[in-house]
Amino acid sequence: MVAAVVWLPVGESLWLNAMDPWWTSTMVETCGAHLPDYRPIAIEQMPRHAVRAALTSEDQKFFTHDGFDWDAIEKAWSAYGKKTGHPLRGGSTISQQVSRNAFLWQGRNWVRKGLEAWFTVWLELLVPKDRILEVYLNVAEMGPCTFGIEAAAHHWYGRPASELEPVESASIIAMLPAPDRRTPKSPVVTKHAAWILANRYQPPVALGSP
């Protein structure tokens, strides 16, 4: 068991460099016996405004941190300390979300969080940043049993991600982290999408299509 905990993240991370996940535990948990709508595409096929929307909303320090946003973690821990008995929330980077969504399972117990941190260390060591971001935009749930920006574009707008307008990309990202309870027209989503468009983060490297 110890050997598995030590070496499994290494193998999984190296495998992720070469292949897209066939499925994830989150897909199984969410969809049950139903097939998920999952259509992985290369980051070059994603519109740049979708990539920027994800970075703006989810992790603006993505290209400068080592997998963990220590300031966000400190704030989340501080909030947890003020609400005794409440689960620890917030502070997850895109790298941590990929570790959870691609390799592990959902939930807020300490075992899962510990494994998530361990997988994130190896993910950051062995997988390039642009690949981590690509996997995130392919496996994140963005609608009911709908995973990734390509599937979400078809589900919500009836066309591929490459044809999304900036406000549509922002609306899809703004549904996180509750895509099963929200739609692009939900008031909270509309408000957050407007914030994303007004504060669009410019990544330091060229990613995605124009």
# chains A, B, ... in the order shown; residues from 1 in each chain; ligands from 1

$ select_by_dssp --residues "region 78-194 of chain A" --states "strand (DSSP E)" --output "PyMOL selection string"
chain A and resi 141-143+146-147

$ residues_around --residues "region 170-187 of chain A" --least-positions-apart "3" --cutoff "12 Å" --atoms "only C-alpha atoms" --output "number ranges by chain"
A: 30-31, 47-59, 89-90, 92, 97, 136-137, 140-157, 161, 164-167, 190-200

$ atom_distance --atom1 "CA of Pro40 (chain A)" --atom2 "CA of Trp22 (chain A)"
9.5 Å

$ closest_residue --among "A:Ile94, A:Ile41, A:Val121, A:Val139" --to "Lys61 (chain A)" --atoms "only C-alpha atoms"
A:Ile94
